[in-house]
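As provided, final-v4.pdb (PDB, C-alpha atoms) reads as follows.
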```
ATOM      1  CA  PHE L   1     179.523  -3.485 -39.241
ATOM      2  CA  LYS L   2     178.614   0.050 -40.124
ATOM      3  CA  GLN L   3     181.470   1.772 -41.951
ATOM      4  CA  LYS L   4     182.379   4.203 -39.163
ATOM      5  CA  THR L   5     181.975   1.582 -36.469
ATOM      6  CA  ALA L   6     184.162  -0.889 -38.363
ATOM      7  CA  TYR L   7     186.875   1.727 -38.789
ATOM      8  CA  GLU L   8     186.809   2.366 -35.045
ATOM      9  CA  ILE L   9     186.686  -1.162 -33.654
ATOM     10  CA  LEU L  10     188.434  -3.457 -36.139
ATOM     11  CA  PRO L  11     191.956  -2.389 -35.098
ATOM     12  CA  SER L  12     190.968  -2.966 -31.489
ATOM     13  CA  LEU L  13     189.773  -6.505 -32.148
ATOM     14  CA  VAL L  14     193.301  -7.403 -33.183
ATOM     15  CA  GLY L  15     194.231  -7.222 -29.510
ATOM     16  CA  SER L  16     191.602  -9.777 -28.576
ATOM     17  CA  GLU L  17     194.224 -12.511 -28.891
ATOM     18  CA  MET L  18     195.805 -11.035 -25.764
ATOM     19  CA  CYS L  19     192.616 -12.114 -24.020
ATOM     20  CA  ILE L  20     192.850 -15.633 -25.444
ATOM     21  CA  ARG L  21     189.580 -15.149 -27.288
ATOM     22  CA  ASP L  22     189.212 -17.886 -29.871
ATOM     23  CA  ARG L  23     186.808 -16.549 -32.510
ATOM     24  CA  ALA L  24     185.554 -13.449 -34.268
ATOM     25  CA  TRP L  25     182.408 -13.453 -36.416
ATOM     26  CA  SER L  26     181.313 -11.010 -39.098
ATOM     27  CA  ALA L  27     177.869 -10.659 -40.706
ATOM     28  CA  GLU L  28     176.459  -9.015 -43.806
ATOM     29  CA  ALA L  29     173.075  -7.546 -44.700
ATOM     30  CA  TRP L  30     173.079  -4.567 -47.101
ATOM     31  CA  GLY L  31     176.121  -2.707 -45.784
ATOM     32  CA  MET L  32     179.614  -4.109 -45.404
ATOM     33  CA  ASP L  33     180.181  -7.616 -46.655
ATOM     34  CA  ALA L  34     181.129 -10.344 -44.194
ATOM     35  CA  ILE L  35     184.524 -11.176 -45.658
ATOM     36  CA  THR L  36     186.379  -7.848 -45.769
ATOM     37  CA  PRO L  37     186.550  -7.334 -41.963
ATOM     38  CA  LEU L  38     187.756 -10.917 -41.527
ATOM     39  CA  ALA L  39     190.448 -10.472 -44.165
ATOM     40  CA  PHE L  40     191.602  -7.409 -42.221
ATOM     41  CA  LEU L  41     191.817  -9.491 -39.056
ATOM     42  CA  ALA L  42     193.457 -12.436 -40.810
ATOM     43  CA  ALA L  43     196.402 -10.238 -41.778
ATOM     44  CA  ARG L  44     196.843  -8.966 -38.220
ATOM     45  CA  THR L  45     196.212 -12.011 -36.030
ATOM     46  CA  GLU L  46     197.736 -15.465 -35.680
ATOM     47  CA  ARG L  47     195.403 -17.617 -33.585
ATOM     48  CA  LEU L  48     191.952 -16.034 -33.825
ATOM     49  CA  GLU L  49     189.468 -18.151 -35.759
ATOM     50  CA  LEU L  50     187.469 -16.072 -38.221
ATOM     51  CA  GLY L  51     183.892 -16.898 -39.158
ATOM     52  CA  THR L  52     181.091 -15.451 -41.233
ATOM     53  CA  GLY L  53     177.889 -15.213 -39.297
ATOM     54  CA  ILE L  54     176.560 -15.186 -41.929
ATOM     55  CA  MET L  55     177.394 -14.965 -45.632
ATOM     56  CA  GLN L  56     174.219 -14.786 -47.715
ATOM     57  CA  VAL L  57     173.798 -17.795 -49.962
ATOM     58  CA  CYS L  58     172.033 -15.708 -52.606
ATOM     59  CA  ALA L  59     174.697 -12.988 -52.818
ATOM     60  CA  ARG L  60     177.254 -15.154 -54.626
ATOM     61  CA  THR L  61     177.251 -18.092 -56.972
ATOM     62  CA  PRO L  62     178.156 -21.364 -55.254
ATOM     63  CA  ALA L  63     181.522 -21.390 -57.012
ATOM     64  CA  ARG L  64     182.195 -17.793 -55.941
ATOM     65  CA  THR L  65     181.307 -18.665 -52.356
ATOM     66  CA  ALA L  66     183.716 -21.600 -52.491
ATOM     67  CA  MET L  67     186.472 -19.456 -54.024
ATOM     68  CA  THR L  68     186.024 -16.806 -51.357
ATOM     69  CA  ALA L  69     185.947 -19.323 -48.501
ATOM     70  CA  LEU L  70     189.029 -21.206 -49.694
ATOM     71  CA  SER L  71     190.867 -17.927 -50.288
ATOM     72  CA  MET L  72     190.096 -16.928 -46.707
ATOM     73  CA  GLN L  73     191.252 -20.346 -45.532
ATOM     74  CA  THR L  74     194.541 -19.724 -47.330
ATOM     75  CA  VAL L  75     195.245 -16.189 -46.113
ATOM     76  CA  SER L  76     194.205 -17.076 -42.551
ATOM     77  CA  ASN L  77     196.327 -20.243 -42.502
ATOM     78  CA  GLY L  78     193.355 -22.514 -41.871
ATOM     79  CA  ARG L  79     191.434 -20.341 -39.387
ATOM     80  CA  PHE L  80     188.320 -19.642 -41.459
ATOM     81  CA  LEU L  81     184.807 -20.893 -40.597
ATOM     82  CA  LEU L  82     182.131 -20.574 -43.274
ATOM     83  CA  GLY L  83     178.769 -19.537 -41.851
ATOM     84  CA  LEU L  84     175.895 -19.472 -44.347
ATOM     85  CA  GLY L  85     172.287 -18.335 -44.235
ATOM     86  CA  ASN L  86     169.437 -17.731 -46.649
ATOM     87  CA  SER L  87     168.540 -14.206 -45.487
ATOM     88  CA  GLY L  88     164.980 -13.213 -46.485
ATOM     89  CA  PRO L  89     162.888 -12.093 -49.465
ATOM     90  CA  GLN L  90     163.564  -8.369 -48.920
ATOM     91  CA  VAL L  91     167.315  -8.800 -49.285
ATOM     92  CA  VAL L  92     167.285 -11.698 -51.741
ATOM     93  CA  GLU L  93     164.771 -10.164 -54.145
ATOM     94  CA  GLY L  94     165.018  -6.484 -53.306
ATOM     95  CA  LEU L  95     168.808  -6.191 -53.177
ATOM     96  CA  HIS L  96     170.203  -9.105 -55.171
ATOM     97  CA  GLY L  97     167.390  -9.580 -57.680
ATOM     98  CA  GLU L  98     167.205 -13.317 -57.075
ATOM     99  CA  ALA L  99     163.982 -15.262 -56.611
ATOM    100  CA  PHE L 100     163.415 -16.376 -53.020
ATOM    101  CA  ASP L 101     162.122 -19.794 -53.980
ATOM    102  CA  ARG L 102     163.346 -23.161 -52.745
ATOM    103  CA  PRO L 103     165.770 -21.543 -50.281
ATOM    104  CA  LEU L 104     166.493 -24.830 -48.546
ATOM    105  CA  THR L 105     167.228 -26.582 -51.840
ATOM    106  CA  ARG L 106     169.487 -23.750 -52.877
ATOM    107  CA  MET L 107     171.403 -23.906 -49.607
ATOM    108  CA  ARG L 108     171.874 -27.666 -49.788
ATOM    109  CA  GLU L 109     173.044 -27.590 -53.415
ATOM    110  CA  THR L 110     175.357 -24.666 -52.690
ATOM    111  CA  ILE L 111     176.947 -26.622 -49.842
ATOM    112  CA  GLU L 112     177.394 -29.638 -52.113
ATOM    113  CA  VAL L 113     179.338 -27.467 -54.567
ATOM    114  CA  ILE L 114     181.444 -25.992 -51.749
ATOM    115  CA  ARG L 115     182.281 -29.480 -50.463
ATOM    116  CA  MET L 116     183.346 -30.518 -53.971
ATOM    117  CA  ALA L 117     185.596 -27.481 -54.195
ATOM    118  CA  SER L 118     187.152 -28.113 -50.782
ATOM    119  CA  ARG L 119     187.978 -31.684 -51.859
ATOM    120  CA  GLY L 120     189.640 -30.447 -55.054
ATOM    121  CA  GLU L 121     187.004 -31.960 -57.338
ATOM    122  CA  LYS L 122     185.527 -30.602 -60.541
ATOM    123  CA  LEU L 123     182.352 -28.632 -59.885
ATOM    124  CA  VAL L 124     179.526 -30.636 -61.398
ATOM    125  CA  GLN L 125     175.987 -30.213 -60.104
ATOM    126  CA  ASP L 126     172.682 -31.194 -61.670
ATOM    127  CA  GLY L 127     170.335 -29.730 -59.115
ATOM    128  CA  LYS L 128     167.011 -27.955 -59.062
ATOM    129  CA  ARG L 129     168.548 -24.552 -58.242
ATOM    130  CA  VAL L 130     172.230 -25.052 -59.047
ATOM    131  CA  VAL L 131     173.381 -26.521 -62.358
ATOM    132  CA  LEU L 132     177.062 -26.674 -63.286
ATOM    133  CA  PRO L 133     178.284 -26.395 -65.982
ATOM    134  CA  ARG L 134     175.552 -24.333 -67.624
ATOM    135  CA  PRO L 135     173.578 -26.565 -70.031
ATOM    136  CA  GLY L 136     173.834 -25.779 -73.721
ATOM    137  CA  GLY L 137     176.863 -23.540 -73.348
ATOM    138  CA  GLU L 138     180.522 -23.900 -74.188
ATOM    139  CA  GLY L 139     181.741 -24.153 -70.630
ATOM    140  CA  LYS L 140     183.182 -27.331 -69.154
ATOM    141  CA  ALA L 141     183.381 -28.365 -65.534
ATOM    142  CA  LEU L 142     186.334 -26.850 -63.690
ATOM    143  CA  ARG L 143     188.063 -27.457 -60.392
ATOM    144  CA  LEU L 144     189.226 -24.447 -58.435
ATOM    145  CA  ALA L 145     192.922 -23.583 -58.427
ATOM    146  CA  HIS L 146     193.110 -24.188 -54.672
ATOM    147  CA  GLU L 147     194.711 -26.987 -52.753
ATOM    148  CA  PRO L 148     192.089 -29.206 -51.088
ATOM    149  CA  ALA L 149     191.442 -27.926 -47.586
ATOM    150  CA  PRO L 150     188.992 -28.691 -44.775
ATOM    151  CA  LEU L 151     186.289 -26.052 -44.599
ATOM    152  CA  PRO L 152     183.982 -26.111 -41.549
ATOM    153  CA  ILE L 153     180.447 -25.035 -42.491
ATOM    154  CA  TYR L 154     177.992 -23.509 -40.020
ATOM    155  CA  LEU L 155     174.358 -22.839 -40.898
ATOM    156  CA  ALA L 156     171.892 -20.284 -39.545
ATOM    157  CA  THR L 157     168.588 -22.145 -39.790
ATOM    158  CA  LEU L 158     165.231 -21.984 -38.028
ATOM    159  CA  ALA L 159     162.519 -24.083 -39.704
ATOM    160  CA  PRO L 160     162.218 -27.805 -38.893
ATOM    161  CA  ARG L 161     163.378 -29.098 -42.294
ATOM    162  CA  ALA L 162     166.245 -26.634 -42.332
ATOM    163  CA  LEU L 163     167.323 -27.719 -38.848
ATOM    164  CA  GLU L 164     167.236 -31.350 -39.897
ATOM    165  CA  MET L 165     169.417 -30.521 -42.885
ATOM    166  CA  THR L 166     171.834 -28.718 -40.571
ATOM    167  CA  GLY L 167     172.121 -31.787 -38.370
ATOM    168  CA  ALA L 168     172.759 -33.942 -41.420
ATOM    169  CA  ILE L 169     175.375 -31.945 -43.331
ATOM    170  CA  ALA L 170     176.777 -29.043 -41.275
ATOM    171  CA  ASP L 171     179.576 -28.768 -38.741
ATOM    172  CA  GLY L 172     177.819 -26.192 -36.584
ATOM    173  CA  TRP L 173     174.557 -24.374 -36.006
ATOM    174  CA  LEU L 174     174.318 -20.606 -35.628
ATOM    175  CA  GLY L 175     171.324 -20.597 -33.309
ATOM    176  CA  THR L 176     170.347 -16.949 -33.235
ATOM    177  CA  SER L 177     166.842 -17.728 -31.909
ATOM    178  CA  PHE L 178     167.665 -20.546 -29.511
ATOM    179  CA  THR L 179     165.861 -20.410 -26.155
ATOM    180  CA  PRO L 180     167.261 -22.508 -23.289
ATOM    181  CA  ASP L 181     163.866 -22.907 -21.639
ATOM    182  CA  ALA L 182     162.655 -24.862 -24.705
ATOM    183  CA  PRO L 183     165.827 -26.357 -26.164
ATOM    184  CA  GLU L 184     164.236 -29.363 -27.833
ATOM    185  CA  ALA L 185     162.242 -27.076 -30.142
ATOM    186  CA  HIS L 186     165.480 -26.853 -32.108
ATOM    187  CA  LEU L 187     167.688 -29.648 -30.837
ATOM    188  CA  ASP L 188     165.174 -32.394 -31.659
ATOM    189  CA  TYR L 189     165.288 -31.507 -35.335
ATOM    190  CA  LEU L 190     169.066 -31.163 -35.359
ATOM    191  CA  ARG L 191     169.332 -34.603 -33.761
ATOM    192  CA  ARG L 192     166.888 -36.143 -36.219
ATOM    193  CA  GLY L 193     168.915 -34.844 -39.124
ATOM    194  CA  ALA L 194     172.150 -36.198 -37.700
ATOM    195  CA  GLU L 195     170.599 -39.601 -37.020
ATOM    196  CA  ALA L 196     169.026 -39.784 -40.477
ATOM    197  CA  ALA L 197     172.418 -39.152 -42.050
ATOM    198  CA  ALA L 198     173.537 -42.432 -40.437
ATOM    199  CA  THR L 199     177.231 -41.626 -40.841
ATOM    200  CA  ARG L 200     177.148 -38.788 -38.310
ATOM    201  CA  SER L 201     176.830 -38.600 -34.562
ATOM    202  CA  PHE L 202     175.035 -35.686 -32.947
ATOM    203  CA  LYS L 203     177.977 -33.385 -32.375
ATOM    204  CA  ILE L 204     176.736 -30.180 -33.933
ATOM    205  CA  GLU L 205     178.413 -27.171 -32.353
ATOM    206  CA  TYR L 206     175.963 -24.587 -31.035
ATOM    207  CA  LEU L 207     177.044 -20.951 -30.975
ATOM    208  CA  PRO L 208     175.012 -18.471 -28.887
ATOM    209  CA  ARG L 209     174.854 -14.923 -30.105
ATOM    210  CA  LEU L 210     176.319 -11.851 -28.445
ATOM    211  CA  ASP L 211     175.503  -8.534 -30.117
ATOM    212  CA  PHE L 212     177.219  -5.269 -29.335
ATOM    213  CA  GLU L 213     176.933  -1.688 -30.413
ATOM    214  CA  PHE L 214     178.642   1.626 -29.687
ATOM    215  CA  SER L 215     176.348   4.426 -28.603
ATOM    216  CA  GLY L 216     177.085   7.712 -26.884
ATOM    217  CA  GLY L 217     180.638   6.811 -25.946
ATOM    218  CA  ARG L 218     179.616   3.549 -24.362
ATOM    219  CA  CYS L 219     179.709  -0.002 -25.609
ATOM    220  CA  GLN L 220     176.652  -2.158 -24.919
ATOM    221  CA  PHE L 221     176.555  -5.923 -25.298
ATOM    222  CA  PHE L 222     173.345  -7.893 -25.650
ATOM    223  CA  LEU L 223     173.284 -11.617 -25.045
ATOM    224  CA  ARG L 224     170.323 -12.832 -27.059
ATOM    225  CA  ARG L 225     169.110 -15.752 -25.045
ATOM    226  CA  ALA L 226     165.739 -16.063 -23.383
ATOM    227  CA  CYS L 227     165.978 -16.262 -19.616
ATOM    228  CA  PRO L 228     163.252 -18.226 -17.788
ATOM    229  CA  ASP L 229     163.897 -16.217 -14.604
ATOM    230  CA  ASP L 230     163.576 -12.864 -16.283
ATOM    231  CA  LYS L 231     160.718 -11.304 -18.247
ATOM    232  CA  GLY L 232     163.158  -9.174 -20.227
ATOM    233  CA  ALA L 233     164.015  -9.877 -23.838
ATOM    234  CA  CYS L 234     167.718 -10.275 -23.091
ATOM    235  CA  LEU L 235     169.478 -12.457 -20.594
ATOM    236  CA  ALA L 236     171.931  -9.666 -19.969
ATOM    237  CA  VAL L 237     172.680  -6.155 -21.078
ATOM    238  CA  ILE L 238     176.215  -5.222 -20.222
ATOM    239  CA  THR L 239     177.812  -1.813 -20.443
ATOM    240  CA  ALA L 240     181.521  -1.913 -21.136
ATOM    241  CA  PHE L 241     183.786   0.972 -20.329
ATOM    242  CA  SER L 242     187.406   2.138 -20.147
ATOM    243  CA  ALA L 243     188.735   3.784 -23.282
ATOM    244  CA  GLY L 244     191.255   1.567 -24.983
ATOM    245  CA  GLY L 245     191.390  -0.812 -22.017
ATOM    246  CA  TRP L 246     190.478  -4.431 -21.487
ATOM    247  CA  VAL L 247     187.188  -5.068 -19.763
ATOM    248  CA  PHE L 248     186.526  -8.538 -18.404
ATOM    249  CA  VAL L 249     182.828  -9.323 -18.287
ATOM    250  CA  GLU L 250     181.338 -12.479 -16.847
ATOM    251  CA  VAL L 251     177.868 -13.400 -18.028
ATOM    252  CA  VAL L 252     176.108 -16.193 -16.189
ATOM    253  CA  ALA L 253     173.284 -17.820 -18.106
ATOM    254  CA  ALA L 254     170.389 -18.327 -15.728
ATOM    255  CA  ASP L 255     168.992 -21.323 -17.552
ATOM    256  CA  TYR L 256     168.500 -24.941 -16.600
ATOM    257  CA  ARG L 257     172.111 -25.799 -17.366
ATOM    258  CA  ALA L 258     173.550 -22.858 -15.435
ATOM    259  CA  ILE L 259     175.948 -22.340 -18.318
ATOM    260  CA  GLN L 260     178.578 -19.748 -17.611
ATOM    261  CA  HIS L 261     179.971 -17.630 -20.420
ATOM    262  CA  ASN L 262     183.092 -15.556 -19.929
ATOM    263  CA  TYR L 263     183.696 -12.726 -22.322
ATOM    264  CA  CYS L 264     186.783 -10.585 -22.512
ATOM    265  CA  LEU L 265     185.893  -7.404 -24.317
ATOM    266  CA  LEU L 266     187.904  -4.532 -25.679
ATOM    267  CA  CYS L 267     186.089  -1.226 -25.795
ATOM    268  CA  THR L 268     187.626   1.741 -27.591
ATOM    269  CA  SER L 269     184.882   4.309 -26.978
ATOM    270  CA  ALA L 270     185.701   7.112 -24.560
ATOM    271  CA  ALA L 271     183.923   6.437 -21.306
ATOM    272  CA  ALA L 272     184.606   6.725 -17.622
ATOM    273  CA  ASP L 273     186.230   3.828 -15.793
ATOM    274  CA  GLU L 274     183.929   2.036 -13.413
TER
END
```
Structure rendered as structure tokens:
Amino acid sequence: FKQKTAYEILPSLVGSEMCIRDRAWSAEAWGMDAITPLAFLAARTERLELGTGIMQVCARTPARTAMTALSMQTVSNGRFLLGLGNSGPQVVEGLHGEAFDRPLTRMRETIEVIRMASRGEKLVQDGKRVVLPRPGGEGKALRLAHEPAPLPIYLATLAPRALEMTGAIADGWLGTSFTPDAPEAHLDYLRRGAEAAATRSFKIEYLPRLDFEFSGGRCQFFLRRACPDDKGACLAVITAFSAGGWVFVEVVAADYRAIQHNYCLLCTSAAADE
């Protein structure tokens, strides 16, 4: 969210429950953080699941990430979904001052700490990137002052090893670069990871991405999925209209599965009804 855009559209998203929409996702880069908009929605909705797509692993210590996620789980009454990603060197090193080395190791060890916290355990980790408590100091291992609570974790991953890790330890995959004309380029690695974990079946939830932006009084939505029948970069570009009114948009994915996505969108920008 940009600040002005968030101020304009967040109140409108509250009404999305009228449309029986089930989830809202919030991202972060170097502007608004991912949690604040979801906390706003948590206080004003009852059924809408609220997910981060994504929170940057490097932007918070593992314990802070766990505290934030469990706090959101509390204030949302169990509706929070924790989406994590590694971001890239420009943000990690340029903005947060952290070294962008061993990103996969850092993500795995961060998730291990979060799982400990969600089970109500003391946070003890002797990893290559995450060590708790700090060696040589006076601190002792602590457990968070939260009741144990299930915390679904979704990962935004792309590289083969990262996809395998997602299949092994995550509850969902945020597949921002998935292409339906070559699905096994990602799904093979997710499946391998799940099978290697032995205790898991391949039931990773895949979430396609729908981007939207307000421009010139109109609201445009971009479904980022490659379409084998279309040379364009987007499967669909939809223009929503009607100030303050509900707009029902049906997007049909022209891929080998003929998947049909139905989106119910609320657009608050002033535009002519069509």
Output of the PyMOL selection byres ((chain L and resi 117-126) around 10), listed as an mmCIF file with C-alpha atoms, keeping the file's coordinate frame:
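Contents of the output file part_22.cif:
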```cif
data_model
loop_
_atom_site.group_PDB
_atom_site.id
_atom_site.type_symbol
_atom_site.label_atom_id
_atom_site.label_comp_id
_atom_site.auth_asym_id
_atom_site.auth_seq_id
_atom_site.Cartn_x
_atom_site.Cartn_y
_atom_site.Cartn_z
ATOM 1 C CA PRO L 62 178.156 -21.364 -55.254
ATOM 2 C CA ALA L 63 181.522 -21.390 -57.012
ATOM 3 C CA THR L 65 181.307 -18.665 -52.356
ATOM 4 C CA ALA L 66 183.716 -21.600 -52.491
ATOM 5 C CA MET L 67 186.472 -19.456 -54.024
ATOM 6 C CA ALA L 69 185.947 -19.323 -48.501
ATOM 7 C CA LEU L 70 189.029 -21.206 -49.694
ATOM 8 C CA GLU L 109 173.044 -27.590 -53.415
ATOM 9 C CA THR L 110 175.357 -24.666 -52.690
ATOM 10 C CA ILE L 111 176.947 -26.622 -49.842
ATOM 11 C CA GLU L 112 177.394 -29.638 -52.113
ATOM 12 C CA VAL L 113 179.338 -27.467 -54.567
ATOM 13 C CA ILE L 114 181.444 -25.992 -51.749
ATOM 14 C CA ARG L 115 182.281 -29.480 -50.463
ATOM 15 C CA MET L 116 183.346 -30.518 -53.971
ATOM 16 C CA GLY L 127 170.335 -29.730 -59.115
ATOM 17 C CA LYS L 128 167.011 -27.955 -59.062
ATOM 18 C CA ARG L 129 168.548 -24.552 -58.242
ATOM 19 C CA VAL L 130 172.230 -25.052 -59.047
ATOM 20 C CA VAL L 131 173.381 -26.521 -62.358
ATOM 21 C CA LEU L 132 177.062 -26.674 -63.286
ATOM 22 C CA PRO L 133 178.284 -26.395 -65.982
ATOM 23 C CA ARG L 134 175.552 -24.333 -67.624
ATOM 24 C CA PRO L 135 173.578 -26.565 -70.031
ATOM 25 C CA LYS L 140 183.182 -27.331 -69.154
ATOM 26 C CA ALA L 141 183.381 -28.365 -65.534
ATOM 27 C CA LEU L 142 186.334 -26.850 -63.690
ATOM 28 C CA ARG L 143 188.063 -27.457 -60.392
ATOM 29 C CA LEU L 144 189.226 -24.447 -58.435
ATOM 30 C CA ALA L 145 192.922 -23.583 -58.427
ATOM 31 C CA HIS L 146 193.110 -24.188 -54.672
ATOM 32 C CA GLU L 147 194.711 -26.987 -52.753
ATOM 33 C CA PRO L 148 192.089 -29.206 -51.088
ATOM 34 C CA ALA L 149 191.442 -27.926 -47.586
ATOM 35 C CA PRO L 150 188.992 -28.691 -44.775
ATOM 36 C CA LEU L 151 186.289 -26.052 -44.599
ATOM 37 C CA PRO L 152 183.982 -26.111 -41.549
#
```
Top pick for closest residue to Tyr189 (chain L), considering L:Ile169, L:Ala159, L:Thr176, L:His96 and counting only C-alpha atoms: L:Ala159
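Within the file as shown, the PyMOL selection byres ((chain L and resi 107) around 9) identifies Val57, Cys58, Leu84, Gly85, Asn86, Arg102, Pro103, Leu104, Thr105, Arg106, Arg108, Glu109, Thr110, Ile111 and Glu112 of chain L.
The space between CA of Val92 (chain L) and CA of Arg161 (chain L) spans 20.2 Å.
The two atoms in question, CA of Glu46 (chain L) and CA of Met72 (chain L), are spaced 13.5 Å apart.
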Polymer residues at most 12 Å from (195.5, -11.5, -42.3) by all atoms listed in the file, as JSON, numbers by chain: {"L": [14, 35, 36, 37, 38, 39, 40, 41, 42, 43, 44, 45, 46, 47, 48, 49, 50, 71, 72, 73, 74, 75, 76, 77, 78, 79, 80]}
Would you compute the box with edges along x, y and z of the file around region 50-65 of chain L, including every atom the file lists for it and 3 Å extra on each side, and give its centre and edge lengths in Å to one decimal, as JSON?
```
{"center_x": 179.8, "center_y": -17.2, "center_z": -47.6, "size_x": 21.4, "size_y": 14.4, "size_z": 24.8}
```
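Straight-line separation from CA of Thr179 (chain L) to CA of Tyr154 (chain L): 18.7 Å.
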Close residues, Trp25 (chain L) itself excluded, 7 Å, only C-alpha atoms, min 5 positions apart in chain, as a PyMOL selection string: chain L and resi 50-53
